[in-house]
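Chemist: Have a look at the structure that comes next, please.
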Amino acid sequence: MDVVPATSQTTEPTATGLPESALEGLGTRPFGVYVHVPFCATRCGYCDFNTYTAGELGSGASPRSWLDGLRRELELAARVLQAPPAAETVFVGGGTPSLLGADGLGEVLDIVRGVFGLAPGAEVTTESNPESTSPEFFAGIREAGYTRVSLGMQSAAQHVLQVLDRVHTPGRPVDAAREARAAGFEHVNLDVIYGTPGERTEDLRASLDAVLAAGVDHVSAYALIVEEGTALARRVRRGELPAPDDDVLAADYELIDATLAAAGLDWYEVSNWASSDAARCRHNLGYWQGGDWWGAGPGAHSHVGGVRWWNVKHPARYAAQLAAGESPEAGRELLTGEDRHLERIMLELRVAEGLPLTALDAAGVAEAHAAAAEGLLDESVLDSQGRAVLTDRGRLLADGVVRRLAG
């Protein structure tokens, strides 16, 4: 999509303040900026993200109005945060950010850089659809300051891509990953989805072979979830496709983990593998380790110091409210101590370093020892380091372990 010059800003959005308790310690915790790009060329049948095709948007929103809104929202953010720290990480997601082109993504980063500044060594990631990338695209975003690219592959099997309504050809993600590396990107991720109806073990093996052939240093693998309201959910409900099978999903996960580990990609979060500590996604680690972030864009969620809020969803309303001097916030919640305790267990237990037992109450510690005896937590790490770390089997049952430790 073409990006045209910015329009003038005549009205500043009214800042929606945060309690002083939320601002205490700002800058001592990881701080990142998430930017949501709501545009897609087509809608994938499994996707329930806040995205819109050109036909769904009509004339009420455009990349230009979205960019103008983004600038206004981040300027609002600086006023709300009072003394905002420089962004340690930036993650541009969607949707399909690559539809903005290299120039558009460069403008996005210029806005973030101009408002917050970037900390030394900042990680700057954009998601991209392989079909809307090229060697020139990767060279352009690398020059603009992006340090990391995440590409949606999902599968190397054509019939699996068809079930998912993905439009790229099976070989394009591998080519795109190689083009990104050739443009100077050291850190490149490929996303895989497993458990799609009709996917065979040999299809998954072929996808993993393709991932490894691409030479990426990071892989994300997600079990297919049939989300209500999606085209895929309607097909499953009509009996056209079977629902994903839990036993198959568990076997697929074990195959993925074993294959990636053998190739030198180790898990550091239940659904993520990296070739080194440097290859880990620092932005997502900020989520999992209790950091702060400002989420900008339609439907984006933010969190600062125990306050969570989210924006209106439709791009036209988002842009209009900001242009009218109004905050795009749609709602917020102040997390209670109990909420934060549960979230800490849920998030930190998912990472390879695990959760310190000091984060648990006495009942939770007792449950941790019981889970270790059942092979769900690493007993030696529990005893020697006082940390709850999931075993291979525990990762398959992580949600249940969280419930036990949380009480």
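Residue names in the structure tokens use chain letters A, B, ... in the order shown, residue numbers from 1 in each chain, and ligand numbers from 1 in the order shown.
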With only C-alpha atoms as the counted atoms, please give the residues lying no more than 6 Å from Leu390 of chain A, apart from itself and same-chain residues fewer than 3 positions off, as JSON, numbers by chain.

Modeler: {"A": [376, 377, 394, 395]}

Chemist: Per residue of segment 275-322 of chain A within 9 Å of segment 338-361 of chain A, record the nearest atom pair and its distance in Å to one decimal, counting only C-alpha atoms, with rows in chain order and ascending residue number, as CSV.

Modeler:
residue,atom,partner,partner_atom,distance
A:Leu285,CA,A:Val351,CA,8.5
A:Tyr287,CA,A:Leu347,CA,8.0
A:Trp288,CA,A:Leu347,CA,4.9
A:Gln289,CA,A:Glu348,CA,6.1
A:Gly290,CA,A:Arg344,CA,7.1
A:Gly306,CA,A:Arg340,CA,7.3

Chemist: Would you mind exporting N, CA, C and O atoms of the selected residues as a PDB file, in the first residue's frame?

Modeler:
ATOM      1  N   LEU A 285       9.847 -11.781  25.388  1.00  0.00           N
ATOM      2  CA  LEU A 285      10.336 -12.060  26.741  1.00  0.00           C
ATOM      3  C   LEU A 285       9.880 -10.981  27.719  1.00  0.00           C
ATOM      4  O   LEU A 285       9.611 -11.253  28.884  1.00  0.00           O
ATOM      5  N   TYR A 287       7.008  -9.516  27.657  1.00  0.00           N
ATOM      6  CA  TYR A 287       5.657  -9.907  28.060  1.00  0.00           C
ATOM      7  C   TYR A 287       5.708 -10.990  29.130  1.00  0.00           C
ATOM      8  O   TYR A 287       5.004 -10.928  30.141  1.00  0.00           O
ATOM      9  N   TRP A 288       6.513 -12.010  28.871  1.00  0.00           N
ATOM     10  CA  TRP A 288       6.536 -13.183  29.750  1.00  0.00           C
ATOM     11  C   TRP A 288       7.200 -12.916  31.093  1.00  0.00           C
ATOM     12  O   TRP A 288       6.967 -13.648  32.059  1.00  0.00           O
ATOM     13  N   GLN A 289       8.017 -11.877  31.145  1.00  0.00           N
ATOM     14  CA  GLN A 289       8.765 -11.610  32.376  1.00  0.00           C
ATOM     15  C   GLN A 289       8.308 -10.344  33.095  1.00  0.00           C
ATOM     16  O   GLN A 289       9.052  -9.762  33.879  1.00  0.00           O
ATOM     17  N   GLY A 290       7.064  -9.934  32.842  1.00  0.00           N
ATOM     18  CA  GLY A 290       6.465  -8.870  33.626  1.00  0.00           C
ATOM     19  C   GLY A 290       6.885  -7.468  33.260  1.00  0.00           C
ATOM     20  O   GLY A 290       6.870  -6.574  34.120  1.00  0.00           O
ATOM     21  N   GLY A 306       0.982  -2.796  36.215  1.00  0.00           N
ATOM     22  CA  GLY A 306      -0.214  -3.410  36.759  1.00  0.00           C
ATOM     23  C   GLY A 306      -1.520  -2.833  36.234  1.00  0.00           C
ATOM     24  O   GLY A 306      -2.598  -3.219  36.697  1.00  0.00           O
TER      25      GLY A 306
END

Chemist: What lies within 8 Å of Thr125 of chain A using only C-alpha atoms, ignoring chain neighbours under 2 positions off, as a list in words?

Modeler: Thr89, Val90, Phe91, Val92, Glu123, Glu127, Tyr146, Thr147, Arg148, Val149 and Ser150 of chain A

Chemist: If we count only C-alpha atoms, what is near segment 49-66 of chain A at a cut-off of 6 Å, once residues fewer than 6 positions away on the same chain are taken out, given as an NGL selection string?

Modeler: :A and (3 or 38-42 or 95 or 315-316 or 319)

Chemist: Include all heavy atoms and write out the residues we just selected as an mmCIF file, in the first residue's frame.

Modeler:
data_model
loop_
_atom_site.group_PDB
_atom_site.id
_atom_site.type_symbol
_atom_site.label_atom_id
_atom_site.label_comp_id
_atom_site.auth_asym_id
_atom_site.auth_seq_id
_atom_site.Cartn_x
_atom_site.Cartn_y
_atom_site.Cartn_z
ATOM 1 N N VAL A 3 2.101 4.938 0.791
ATOM 2 C CA VAL A 3 2.026 5.831 1.939
ATOM 3 C C VAL A 3 2.214 7.252 1.444
ATOM 4 O O VAL A 3 3.185 7.553 0.765
ATOM 5 C CB VAL A 3 3.103 5.474 2.985
ATOM 6 C CG1 VAL A 3 3.068 6.456 4.127
ATOM 7 C CG2 VAL A 3 2.894 4.058 3.474
ATOM 8 N N PRO A 38 -3.342 -3.057 11.029
ATOM 9 C CA PRO A 38 -4.586 -3.824 10.902
ATOM 10 C C PRO A 38 -4.928 -4.275 9.480
ATOM 11 O O PRO A 38 -6.022 -4.773 9.257
ATOM 12 C CB PRO A 38 -5.634 -2.817 11.391
ATOM 13 C CG PRO A 38 -5.102 -1.492 10.940
ATOM 14 C CD PRO A 38 -3.603 -1.596 11.079
ATOM 15 N N PHE A 39 -3.996 -4.121 8.537
ATOM 16 C CA PHE A 39 -4.323 -4.374 7.132
ATOM 17 C C PHE A 39 -3.875 -5.758 6.677
ATOM 18 O O PHE A 39 -2.772 -6.215 7.013
ATOM 19 C CB PHE A 39 -3.659 -3.321 6.244
ATOM 20 C CG PHE A 39 -3.916 -1.920 6.711
ATOM 21 C CD1 PHE A 39 -2.881 -1.137 7.207
ATOM 22 C CD2 PHE A 39 -5.191 -1.384 6.673
ATOM 23 C CE1 PHE A 39 -3.113 0.150 7.649
ATOM 24 C CE2 PHE A 39 -5.441 -0.085 7.124
ATOM 25 C CZ PHE A 39 -4.392 0.686 7.610
ATOM 26 N N CYS A 40 -4.725 -6.415 5.895
ATOM 27 C CA CYS A 40 -4.385 -7.690 5.261
ATOM 28 C C CYS A 40 -4.911 -7.692 3.830
ATOM 29 O O CYS A 40 -5.945 -7.072 3.531
ATOM 30 C CB CYS A 40 -5.004 -8.869 6.019
ATOM 31 S SG CYS A 40 -4.043 -9.395 7.466
ATOM 32 N N ALA A 41 -4.203 -8.391 2.950
ATOM 33 C CA ALA A 41 -4.667 -8.510 1.565
ATOM 34 C C ALA A 41 -5.869 -9.439 1.485
ATOM 35 O O ALA A 41 -6.822 -9.186 0.742
ATOM 36 C CB ALA A 41 -3.534 -9.020 0.673
ATOM 37 N N THR A 42 -5.832 -10.534 2.245
ATOM 38 C CA THR A 42 -6.949 -11.476 2.314
ATOM 39 C C THR A 42 -7.092 -11.916 3.764
ATOM 40 O O THR A 42 -6.180 -11.728 4.577
ATOM 41 C CB THR A 42 -6.712 -12.720 1.439
ATOM 42 O OG1 THR A 42 -5.533 -13.398 1.889
ATOM 43 C CG2 THR A 42 -6.548 -12.344 -0.030
ATOM 44 N N GLY A 95 -2.347 -8.692 11.419
ATOM 45 C CA GLY A 95 -2.232 -7.976 10.173
ATOM 46 C C GLY A 95 -0.973 -8.324 9.383
ATOM 47 O O GLY A 95 -0.244 -9.255 9.665
ATOM 48 N N PRO A 315 -10.193 0.557 12.528
ATOM 49 C CA PRO A 315 -9.214 1.592 12.155
ATOM 50 C C PRO A 315 -9.834 2.964 11.914
ATOM 51 O O PRO A 315 -9.215 3.985 12.228
ATOM 52 C CB PRO A 315 -8.597 1.028 10.872
ATOM 53 C CG PRO A 315 -8.757 -0.451 10.986
ATOM 54 C CD PRO A 315 -10.069 -0.649 11.681
ATOM 55 N N ALA A 316 -11.054 2.997 11.354
ATOM 56 C CA ALA A 316 -11.681 4.293 11.089
ATOM 57 C C ALA A 316 -12.007 5.008 12.398
ATOM 58 O O ALA A 316 -11.763 6.222 12.547
ATOM 59 C CB ALA A 316 -12.943 4.109 10.255
ATOM 60 N N ALA A 319 -8.675 6.191 14.141
ATOM 61 C CA ALA A 319 -8.109 7.403 13.561
ATOM 62 C C ALA A 319 -8.978 8.616 13.858
ATOM 63 O O ALA A 319 -8.468 9.703 14.160
ATOM 64 C CB ALA A 319 -7.939 7.227 12.051
#

Chemist: Counting only C-alpha atoms, what is within 12 Å of Ala183 of chain A, bar same-chain residues fewer than 4 positions away, as a list in words?

Modeler: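 Once the adjacent positions are removed, what remains is Ser134, Pro135, Glu136, Phe137, Phe138, Ala139, Gly140, Ile141, Arg142, Glu143, Tyr146, Thr147, Arg148, Val149, Ala176, Ala177, Arg178, Glu179, His187 and Val188 of chain A.
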
Chemist: Between A:Ser21, A:Asn272, A:Asn189, A:Thr259, which is the closest to Pro130 of chain A once you count only C-alpha atoms?

Modeler: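 For Pro130 of chain A, the nearest of the candidates is A:Asn189.
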
Chemist: Apply DSSP to the backbone of this structure and, from segment 48-280 of chain A, keep only the residues in strand (DSSP E or B); write these as number ranges by chain.

Modeler: A: 52, 87-94, 118-128, 148-154, 187-194, 218-223, 266-269, 272-274

Chemist: Which residue out of A:Pro197, A:Asn311, A:Gln154, A:Gly17 has the minimum interatomic distance to Gly239 of chain A when only C-alpha atoms are used?

Modeler: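 Between A:Pro197, A:Asn311, A:Gln154, A:Gly17, the residue approaching Gly239 of chain A most closely is A:Pro197.
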
Chemist: Rank A:Gly215, A:Gly145, A:Pro328, A:Gly400 by their smallest atom-to-atom distance to Leu109 of chain A, using only C-alpha atoms, and report the top residue only.

Modeler: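 Closest to Leu109 of chain A of all the choices is A:Gly145.
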
Chemist: Atom CA of Asp292 of chain A to atom CA of Val381 of chain A: how many Å, to one decimal?

Modeler: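 Atom CA of Val381 of chain A lies at a distance of 28.7 Å from atom CA of Asp292 of chain A.
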
Chemist: Mind checking which residues fall within 8 Å of Val35 of chain A, counting only C-alpha atoms, ignoring those fewer than 2 positions away in the same chain, and posting them as a PyMOL selection string?

Modeler: chain A and resi 33+37+90-93+295-297+300

Chemist: Write out, as a CSV table (one decimal), in the first residue's frame, the residues just selected, with N, CA, C and O atoms.

Modeler:
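Output file part27.csv is given in full below:
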chain,number,residue,atom,x,y,z
A,33,VAL,N,7.6,-1.2,22.8
A,33,VAL,CA,6.4,-0.6,22.0
A,33,VAL,C,6.0,-1.6,21.0
A,33,VAL,O,6.7,-2.2,20.3
A,37,VAL,N,-0.6,-3.2,13.0
A,37,VAL,CA,-1.0,-2.9,11.6
A,37,VAL,C,-2.2,-3.7,11.3
A,37,VAL,O,-2.1,-4.9,11.2
A,90,VAL,N,10.9,-2.9,19.9
A,90,VAL,CA,9.8,-2.5,19.1
A,90,VAL,C,9.3,-3.7,18.3
A,90,VAL,O,10.2,-4.4,17.7
A,91,PHE,N,8.0,-4.0,18.3
A,91,PHE,CA,7.5,-5.1,17.5
A,91,PHE,C,6.3,-4.6,16.7
A,91,PHE,O,5.3,-4.1,17.3
A,92,VAL,N,6.5,-4.7,15.4
A,92,VAL,CA,5.4,-4.3,14.5
A,92,VAL,C,4.7,-5.5,14.0
A,92,VAL,O,5.3,-6.3,13.3
A,93,GLY,N,3.4,-5.7,14.4
A,93,GLY,CA,2.7,-6.9,14.1
A,93,GLY,C,1.4,-6.6,13.4
A,93,GLY,O,1.1,-5.5,13.1
A,295,GLY,N,1.0,-0.5,23.6
A,295,GLY,CA,0.5,-1.1,22.4
A,295,GLY,C,-0.3,0.0,21.6
A,295,GLY,O,-1.3,0.5,22.1
A,296,ALA,N,0.2,0.3,20.5
A,296,ALA,CA,-0.4,1.4,19.7
A,296,ALA,C,-1.1,0.8,18.4
A,296,ALA,O,-0.5,-0.1,17.8
A,297,GLY,N,-2.2,1.4,18.1
A,297,GLY,CA,-2.9,0.9,16.9
A,297,GLY,C,-4.3,0.4,17.3
A,297,GLY,O,-4.6,0.1,18.5
A,300,ALA,N,-5.0,-2.6,19.9
A,300,ALA,CA,-3.8,-3.0,20.6
A,300,ALA,C,-4.0,-2.9,22.1
A,300,ALA,O,-4.7,-2.1,22.6

Chemist: Quote the spacing between atom CA of Asp277 of chain A and atom CA of Gly291 of chain A in Å to one decimal place.

Modeler: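 Separating atom CA of Asp277 of chain A from atom CA of Gly291 of chain A is a distance of 18.2 Å.
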
Chemist: Would you mind telling me which residue in A:Leu396, A:Ala157, A:Val174, A:Ala274 lies nearest to Val219 of chain A when using only C-alpha atoms?

Modeler: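 Residue with the minimum atom-to-atom distance to Val219 of chain A: A:Ala274.
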
Chemist: Calculate how many Å separate atom CA of Leu260 of chain A from atom CA of Glu374 of chain A, rounding to one decimal.

Modeler: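 It comes out at 25.8 Å.
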
Chemist: Let's see if you can do this: from backbone DSSP, list all alpha helix (DSSP H) residues in segment 254-404 of chain A, as a PyMOL selection string.

Modeler: chain A and resi 254-262+282-288+315-323+337-348+362-373+379-385+392-396+398-404

Chemist: Hey, what's within 9 Å of Ser132 of chain A if we count only C-alpha atoms and toss same-chain stuff fewer than 5 positions away? As a VMD selection string, please?

Modeler: chain A and resid 96 98 to 99 101 137

Chemist: Output the selection as a PDB file, in the first residue's frame - N, CA and C atoms for each residue.

Modeler:
ATOM      1  N   THR A  96      -0.745  -7.520   8.369  1.00  0.00           N
ATOM      2  CA  THR A  96       0.394  -7.741   7.475  1.00  0.00           C
ATOM      3  C   THR A  96       1.201  -6.459   7.354  1.00  0.00           C
ATOM      4  N   SER A  98       4.075  -5.894   6.231  1.00  0.00           N
ATOM      5  CA  SER A  98       4.836  -5.756   4.988  1.00  0.00           C
ATOM      6  C   SER A  98       4.020  -5.118   3.878  1.00  0.00           C
ATOM      7  N   LEU A  99       2.674  -5.062   4.019  1.00  0.00           N
ATOM      8  CA  LEU A  99       1.866  -4.353   3.028  1.00  0.00           C
ATOM      9  C   LEU A  99       2.158  -2.858   3.020  1.00  0.00           C
ATOM     10  N   GLY A 101       5.048  -1.667   2.878  1.00  0.00           N
ATOM     11  CA  GLY A 101       6.272  -1.462   2.136  1.00  0.00           C
ATOM     12  C   GLY A 101       7.390  -0.986   3.039  1.00  0.00           C
ATOM     13  N   PHE A 137      12.697  -5.044  -0.460  1.00  0.00           N
ATOM     14  CA  PHE A 137      11.963  -4.777   0.781  1.00  0.00           C
ATOM     15  C   PHE A 137      12.856  -5.006   1.989  1.00  0.00           C
TER      16      PHE A 137
END
